file start07.cif (mmCIF, C-alpha atoms)
data_query
loop_
_atom_site.group_PDB
_atom_site.id
_atom_site.type_symbol
_atom_site.label_atom_id
_atom_site.label_comp_id
_atom_site.auth_asym_id
_atom_site.auth_seq_id
_atom_site.Cartn_x
_atom_site.Cartn_y
_atom_site.Cartn_z
ATOM 1 C CA MET A 1 0.000 0.000 0.000
ATOM 2 C CA ASN A 2 1.495 3.325 -0.993
ATOM 3 C CA TYR A 3 1.949 6.346 1.240
ATOM 4 C CA TYR A 4 -0.986 8.348 -0.135
ATOM 5 C CA GLN A 5 -3.320 5.391 0.020
ATOM 6 C CA LYS A 6 -2.650 5.103 3.765
ATOM 7 C CA ILE A 7 -3.554 8.774 4.252
ATOM 8 C CA LEU A 8 -6.673 8.378 2.109
ATOM 9 C CA ASP A 9 -7.729 5.286 4.057
ATOM 10 C CA LYS A 10 -7.361 7.145 7.375
ATOM 11 C CA LEU A 11 -9.362 10.078 5.992
ATOM 12 C CA LYS A 12 -12.103 7.807 4.671
ATOM 13 C CA GLU A 13 -12.349 6.100 8.092
ATOM 14 C CA TYR A 14 -12.594 9.469 9.854
ATOM 15 C CA GLN A 15 -16.144 10.356 10.898
ATOM 16 C CA ALA A 16 -16.508 14.102 10.363
ATOM 17 C CA GLN A 17 -18.811 15.579 12.982
ATOM 18 C CA SER A 18 -19.781 18.911 11.439
ATOM 19 C CA ILE A 19 -20.703 20.293 8.038
ATOM 20 C CA SER A 20 -17.405 22.188 7.858
ATOM 21 C CA GLU A 21 -15.417 19.027 8.637
ATOM 22 C CA LYS A 22 -17.360 17.056 6.022
ATOM 23 C CA LYS A 23 -16.510 19.760 3.492
ATOM 24 C CA SER A 24 -12.849 19.692 4.554
ATOM 25 C CA LYS A 25 -12.751 15.903 4.289
ATOM 26 C CA LYS A 26 -13.938 16.080 0.668
ATOM 27 C CA LYS A 27 -11.498 18.883 -0.146
ATOM 28 C CA ILE A 28 -8.505 17.090 1.414
ATOM 29 C CA ILE A 29 -9.287 13.803 -0.357
ATOM 30 C CA HIS A 30 -9.749 15.666 -3.652
ATOM 31 C CA PHE A 31 -6.468 17.523 -3.139
ATOM 32 C CA ILE A 32 -4.500 14.319 -2.447
ATOM 33 C CA LEU A 33 -6.051 12.477 -5.393
ATOM 34 C CA ASN A 34 -5.380 15.339 -7.810
ATOM 35 C CA ASN A 35 -1.970 16.576 -6.684
ATOM 36 C CA GLN A 36 1.083 14.351 -6.754
ATOM 37 C CA LYS A 37 3.120 17.120 -5.102
ATOM 38 C CA ASN A 38 1.358 17.885 -1.845
ATOM 39 C CA ILE A 39 4.063 17.570 0.809
ATOM 40 C CA GLY A 40 6.301 20.476 1.707
ATOM 41 C CA ARG A 41 5.858 23.760 -0.135
ATOM 42 C CA GLU A 42 6.308 22.593 -3.734
ATOM 43 C CA ASN A 43 2.682 22.954 -4.837
ATOM 44 C CA SER A 44 1.646 26.613 -5.133
ATOM 45 C CA ALA A 45 -2.050 25.677 -4.819
ATOM 46 C CA GLY A 46 -1.727 24.101 -1.399
ATOM 47 C CA HIS A 47 -0.004 21.794 1.036
ATOM 48 C CA LEU A 48 -0.908 18.843 3.205
ATOM 49 C CA THR A 49 -0.200 19.828 6.828
ATOM 50 C CA ALA A 50 -0.260 18.145 10.236
ATOM 51 C CA SER A 51 -1.292 19.711 13.538
ATOM 52 C CA ALA A 52 -1.160 18.790 17.193
ATOM 53 C CA TRP A 53 -3.975 19.763 19.545
ATOM 54 C CA ILE A 54 -2.159 19.425 22.866
ATOM 55 C CA VAL A 55 -3.922 19.120 26.212
ATOM 56 C CA ASN A 56 -2.324 18.778 29.627
ATOM 57 C CA ASN A 57 -2.536 15.561 31.650
ATOM 58 C CA GLU A 58 -5.491 16.879 33.662
ATOM 59 C CA ARG A 59 -7.237 17.842 30.396
ATOM 60 C CA ASN A 60 -8.148 21.303 31.677
ATOM 61 C CA LYS A 61 -5.614 23.250 29.562
ATOM 62 C CA VAL A 62 -4.609 23.415 25.919
ATOM 63 C CA LEU A 63 -1.298 24.617 24.475
ATOM 64 C CA LEU A 64 -1.617 27.297 21.799
ATOM 65 C CA HIS A 65 0.796 29.650 20.155
ATOM 66 C CA GLN A 66 0.420 33.079 18.649
ATOM 67 C CA HIS A 67 1.644 32.356 15.132
ATOM 68 C CA LEU A 68 4.181 34.904 13.915
ATOM 69 C CA SER A 69 3.069 35.329 10.298
ATOM 70 C CA LEU A 70 -0.668 34.739 10.836
ATOM 71 C CA ASN A 71 -0.852 36.712 14.109
ATOM 72 C CA LYS A 72 -3.489 34.297 15.436
ATOM 73 C CA TRP A 73 -3.625 31.962 18.415
ATOM 74 C CA ILE A 74 -3.769 28.447 16.979
ATOM 75 C CA GLN A 75 -2.609 24.867 17.570
ATOM 76 C CA LEU A 76 0.950 23.817 16.765
ATOM 77 C CA GLY A 77 1.687 22.233 13.415
ATOM 78 C CA GLY A 78 3.173 22.548 9.981
ATOM 79 C CA HIS A 79 4.312 20.922 6.768
ATOM 80 C CA LEU A 80 5.179 17.278 6.282
ATOM 81 C CA GLU A 81 8.680 16.243 5.340
ATOM 82 C CA ALA A 82 9.572 13.533 2.815
ATOM 83 C CA ASP A 83 8.887 9.966 3.980
ATOM 84 C CA GLU A 84 7.042 11.172 7.091
ATOM 85 C CA THR A 85 3.513 10.126 8.035
ATOM 86 C CA VAL A 86 1.009 12.800 8.969
ATOM 87 C CA LYS A 87 1.018 11.500 12.532
ATOM 88 C CA GLU A 88 4.834 11.656 12.714
ATOM 89 C CA ALA A 89 4.745 15.204 11.334
ATOM 90 C CA ALA A 90 2.224 16.298 13.982
ATOM 91 C CA LEU A 91 4.481 14.982 16.752
ATOM 92 C CA ARG A 92 7.653 16.464 15.225
ATOM 93 C CA GLU A 93 6.036 19.877 14.753
ATOM 94 C CA ALA A 94 4.688 19.814 18.308
ATOM 95 C CA ARG A 95 8.168 19.082 19.693
ATOM 96 C CA GLU A 96 9.889 21.675 17.498
ATOM 97 C CA GLU A 97 7.391 24.415 18.309
ATOM 98 C CA SER A 98 7.049 23.763 22.054
ATOM 99 C CA GLY A 99 10.255 22.111 23.241
ATOM 100 C CA LEU A 100 8.116 19.540 25.081
ATOM 101 C CA GLU A 101 9.519 16.040 25.507
ATOM 102 C CA SER A 102 6.556 14.613 27.432
ATOM 103 C CA LEU A 103 4.273 14.583 24.380
ATOM 104 C CA SER A 104 2.264 11.450 23.650
ATOM 105 C CA PHE A 105 -0.780 10.629 21.566
ATOM 106 C CA LEU A 106 -3.965 10.625 23.594
ATOM 107 C CA TYR A 107 -5.920 9.251 20.676
ATOM 108 C CA ASN A 108 -4.267 7.338 17.814
ATOM 109 C CA ASN A 109 -6.721 8.246 15.074
ATOM 110 C CA ILE A 110 -7.388 11.596 13.442
ATOM 111 C CA PHE A 111 -8.902 14.073 15.911
ATOM 112 C CA ASP A 112 -9.976 16.842 13.522
ATOM 113 C CA ILE A 113 -9.522 18.009 9.933
ATOM 114 C CA ASP A 114 -9.694 21.397 8.282
ATOM 115 C CA HIS A 115 -8.768 23.226 5.121
ATOM 116 C CA HIS A 116 -8.059 26.940 5.259
ATOM 117 C CA LEU A 117 -6.633 29.704 3.132
ATOM 118 C CA ILE A 118 -3.180 31.013 4.006
ATOM 119 C CA PRO A 119 -2.683 34.622 2.936
ATOM 120 C CA ALA A 120 0.171 35.623 0.655
ATOM 121 C CA ASN A 121 3.408 36.591 2.381
ATOM 122 C CA ASN A 122 6.924 37.557 1.334
ATOM 123 C CA ASN A 123 7.815 33.982 0.376
ATOM 124 C CA GLN A 124 4.590 32.519 -1.055
ATOM 125 C CA ALA A 125 1.397 33.340 -2.874
ATOM 126 C CA GLU A 126 -1.991 32.739 -1.252
ATOM 127 C CA HIS A 127 -2.611 28.980 -0.932
ATOM 128 C CA PHE A 128 -4.555 26.364 1.030
ATOM 129 C CA HIS A 129 -3.474 24.182 3.925
ATOM 130 C CA TYR A 130 -5.174 20.790 4.075
ATOM 131 C CA ASP A 131 -4.725 20.072 7.759
ATOM 132 C CA ILE A 132 -4.975 16.721 9.542
ATOM 133 C CA ARG A 133 -4.957 17.070 13.330
ATOM 134 C CA TYR A 134 -4.089 14.707 16.174
ATOM 135 C CA LEU A 135 -4.851 14.867 19.899
ATOM 136 C CA LEU A 136 -1.765 14.782 22.125
ATOM 137 C CA GLU A 137 -1.121 15.290 25.807
ATOM 138 C CA ALA A 138 1.860 16.660 27.684
ATOM 139 C CA ASP A 139 2.953 17.697 31.153
ATOM 140 C CA SER A 140 2.046 21.382 31.512
ATOM 141 C CA LYS A 141 4.702 21.733 34.226
ATOM 142 C CA GLU A 142 7.453 21.006 31.710
ATOM 143 C CA GLU A 143 9.279 24.128 30.540
ATOM 144 C CA LEU A 144 8.158 25.491 27.178
ATOM 145 C CA GLU A 145 10.585 26.581 24.482
ATOM 146 C CA LYS A 146 9.078 28.984 21.945
ATOM 147 C CA SER A 147 10.166 28.532 18.317
ATOM 148 C CA ARG A 148 10.901 31.260 15.781
ATOM 149 C CA GLU A 149 7.416 30.694 14.312
ATOM 150 C CA SER A 150 5.719 31.956 17.485
ATOM 151 C CA VAL A 151 5.203 35.364 19.027
ATOM 152 C CA ASN A 152 3.951 33.684 22.177
ATOM 153 C CA LEU A 153 3.327 30.174 23.474
ATOM 154 C CA LYS A 154 1.186 29.324 26.477
ATOM 155 C CA TRP A 155 -1.065 26.888 28.231
ATOM 156 C CA LEU A 156 -4.623 28.228 28.387
ATOM 157 C CA GLN A 157 -7.384 27.024 30.659
ATOM 158 C CA LEU A 158 -10.158 25.563 28.493
ATOM 159 C CA ASN A 159 -12.538 28.293 29.662
ATOM 160 C CA GLU A 160 -10.034 31.014 28.543
ATOM 161 C CA VAL A 161 -9.492 29.875 24.959
ATOM 162 C CA GLU A 162 -12.350 31.919 23.511
ATOM 163 C CA LYS A 163 -10.671 35.103 24.808
ATOM 164 C CA TYR A 164 -7.740 34.379 22.459
ATOM 165 C CA VAL A 165 -9.338 32.550 19.542
ATOM 166 C CA SER A 166 -12.067 33.300 17.034
ATOM 167 C CA GLU A 167 -11.195 30.608 14.450
ATOM 168 C CA GLU A 168 -14.124 28.195 14.211
ATOM 169 C CA SER A 169 -11.909 25.175 13.563
ATOM 170 C CA VAL A 170 -9.945 25.855 16.770
ATOM 171 C CA LEU A 171 -13.149 26.395 18.737
ATOM 172 C CA ARG A 172 -14.457 23.114 17.294
ATOM 173 C CA MET A 173 -11.418 21.292 18.710
ATOM 174 C CA LEU A 174 -12.058 23.013 22.032
ATOM 175 C CA ARG A 175 -15.640 21.678 22.024
ATOM 176 C CA LYS A 176 -14.369 18.186 21.157
ATOM 177 C CA THR A 177 -11.895 18.407 24.041
ATOM 178 C CA LYS A 178 -14.645 19.275 26.484
ATOM 179 C CA GLU A 179 -16.734 16.362 25.162
ATOM 180 C CA TYR A 180 -13.729 14.022 25.364
ATOM 181 C CA LYS A 181 -13.049 15.131 28.941
ATOM 182 C CA GLU A 182 -16.668 14.597 29.974
ATOM 183 C CA GLY A 183 -17.028 11.305 28.074
#

call {"tool": "encode", "arguments": {"input": "start07.cif", "output": "structure tokens"}}
result
Amino acid sequence: MNYYQKILDKLKEYQAQSISEKKSKKKIIHFILNNQKNIGRENSAGHLTASAWIVNNERNKVLLHQHLSLNKWIQLGGHLEADETVKEAALREAREESGLESLSFLYNNIFDIDHHLIPANNNQAEHFHYDIRYLLEADSKEELEKSRESVNLKWLQLNEVEKYVSEESVLRMLRKTKEYKEG
């Protein structure tokens, strides 16, 4: 089974919970099927990306960063590298952008998916990110190490997230976290 088929199989298994996720699922599958170059930054139309939604061990905080170029509070994540699974990329990005060593997957399957437009910047034209997200946990007492991609990095109480975030896809993951915690 080839690399892309594994990603497609995981996406097809994923049960999207909202209309926006169902739309993203279709868009991501379409993008993978119609773009041989979808890892890294080679394709000017878009990129497959991996994100980590990180909660603390008590599940009452989430780790977000204020992204330097987007100037938004969002989850950690980024582009895949060659020969790397989406899940491996989510973990690598989480480590690189937080400095956390205590990271582990709380849930082995896809936690959330989204596609979103990235505005043009000095290096690239406007393009889409087709984002596959995993749920991880870490020790919130471990020291954080902010990367060059972040203005700020901090653990937020679940009930504080909406003060920092207006992105519906991030708020959706917050709602899923609360459901996961209660379930």

call {"tool": "resolve_selection", "arguments": {"input": "start07.cif", "expression": "the PyMOL selection byres ((chain A and resi 96-109) around 9)", "output": "PyMOL selection string"}}
result
chain A and resi 10+14+54-55+63+65+76-77+87+91-95+110-111+134-139+142-150+153

call {"tool": "resolve_selection", "arguments": {"input": "start07.cif", "expression": "the PyMOL selection byres ((chain A and resi 49) around 9)", "output": "list in words"}}
result
Ile39, Gly40, His47, Leu48, Ala50, Ser51, Gly77, Gly78, His79, Leu80, Val86, Ala89, Ala90, His129, Tyr130, Asp131, Ile132 and Arg133 of chain A

call {"tool": "write_last_selection", "arguments": {"input": "start07.cif", "atoms": "C-alpha atoms", "output": "JSON list (two decimals), in the coordinates of the input"}}
result
[["chain", "number", "residue", "atom", "x", "y", "z"],
["A", 39, "ILE", "CA", 4.06, 17.57, 0.81],
["A", 40, "GLY", "CA", 6.30, 20.48, 1.71],
["A", 47, "HIS", "CA", 0.00, 21.79, 1.04],
["A", 48, "LEU", "CA", -0.91, 18.84, 3.20],
["A", 50, "ALA", "CA", -0.26, 18.14, 10.24],
["A", 51, "SER", "CA", -1.29, 19.71, 13.54],
["A", 77, "GLY", "CA", 1.69, 22.23, 13.42],
["A", 78, "GLY", "CA", 3.17, 22.55, 9.98],
["A", 79, "HIS", "CA", 4.31, 20.92, 6.77],
["A", 80, "LEU", "CA", 5.18, 17.28, 6.28],
["A", 86, "VAL", "CA", 1.01, 12.80, 8.97],
["A", 89, "ALA", "CA", 4.74, 15.20, 11.33],
["A", 90, "ALA", "CA", 2.22, 16.30, 13.98],
["A", 129, "HIS", "CA", -3.47, 24.18, 3.92],
["A", 130, "TYR", "CA", -5.17, 20.79, 4.08],
["A", 131, "ASP", "CA", -4.72, 20.07, 7.76],
["A", 132, "ILE", "CA", -4.97, 16.72, 9.54],
["A", 133, "ARG", "CA", -4.96, 17.07, 13.33]]

call {"tool": "resolve_selection", "arguments": {"input": "start07.cif", "expression": "the PyMOL selection byres ((chain A and resi 75) around 6)", "output": "count of residues only"}}
result
4

call {"tool": "axis_aligned_box", "arguments": {"input": "start07.cif", "around": "region 74-85 of chain A", "padding_each_side": "4 Å", "output": "JSON"}}
result
{"center_x": 2.9, "center_y": 19.2, "center_z": 10.2, "size_x": 21.3, "size_y": 26.5, "size_z": 22.8}

call {"tool": "residues_around", "arguments": {"input": "start07.cif", "residues": "region 174-177 of chain A", "least_positions_apart": "6", "cutoff": "10 Å", "atoms": "all atoms listed in the file", "output": "list in words"}}
result
Gln17, Trp53, Ile54, Val55, Arg59, Asn60, Lys61, Val62, Phe111, Asp112, Leu135, Leu158, Asn159, Val161, Glu162, Glu168 and Gly183 of chain A

call {"tool": "atom_distance", "arguments": {"input": "start07.cif", "atom1": "CA of Ala125 (chain A)", "atom2": "CA of Phe31 (chain A)"}}
result
17.7 Å

call {"tool": "atom_distance", "arguments": {"input": "start07.cif", "atom1": "CA of Lys37 (chain A)", "atom2": "CA of Lys12 (chain A)"}}
result
20.3 Å

call {"tool": "closest_residue", "arguments": {"input": "start07.cif", "among": "A:Lys141, A:Lys6, A:His116, A:His30", "to": "Asn56 (chain A)", "atoms": "all atoms listed in the file"}}
result
A:Lys141

call {"tool": "closest_residue", "arguments": {"input": "start07.cif", "among": "A:Asn35, A:Leu70, A:Gly46, A:Glu13", "to": "Glu126 (chain A)", "atoms": "all atoms listed in the file"}}
result
A:Gly46

call {"tool": "atom_distance", "arguments": {"input": "start07.cif", "atom1": "CA of Val165 (chain A)", "atom2": "CA of Trp73 (chain A)"}}
result
5.9 Å
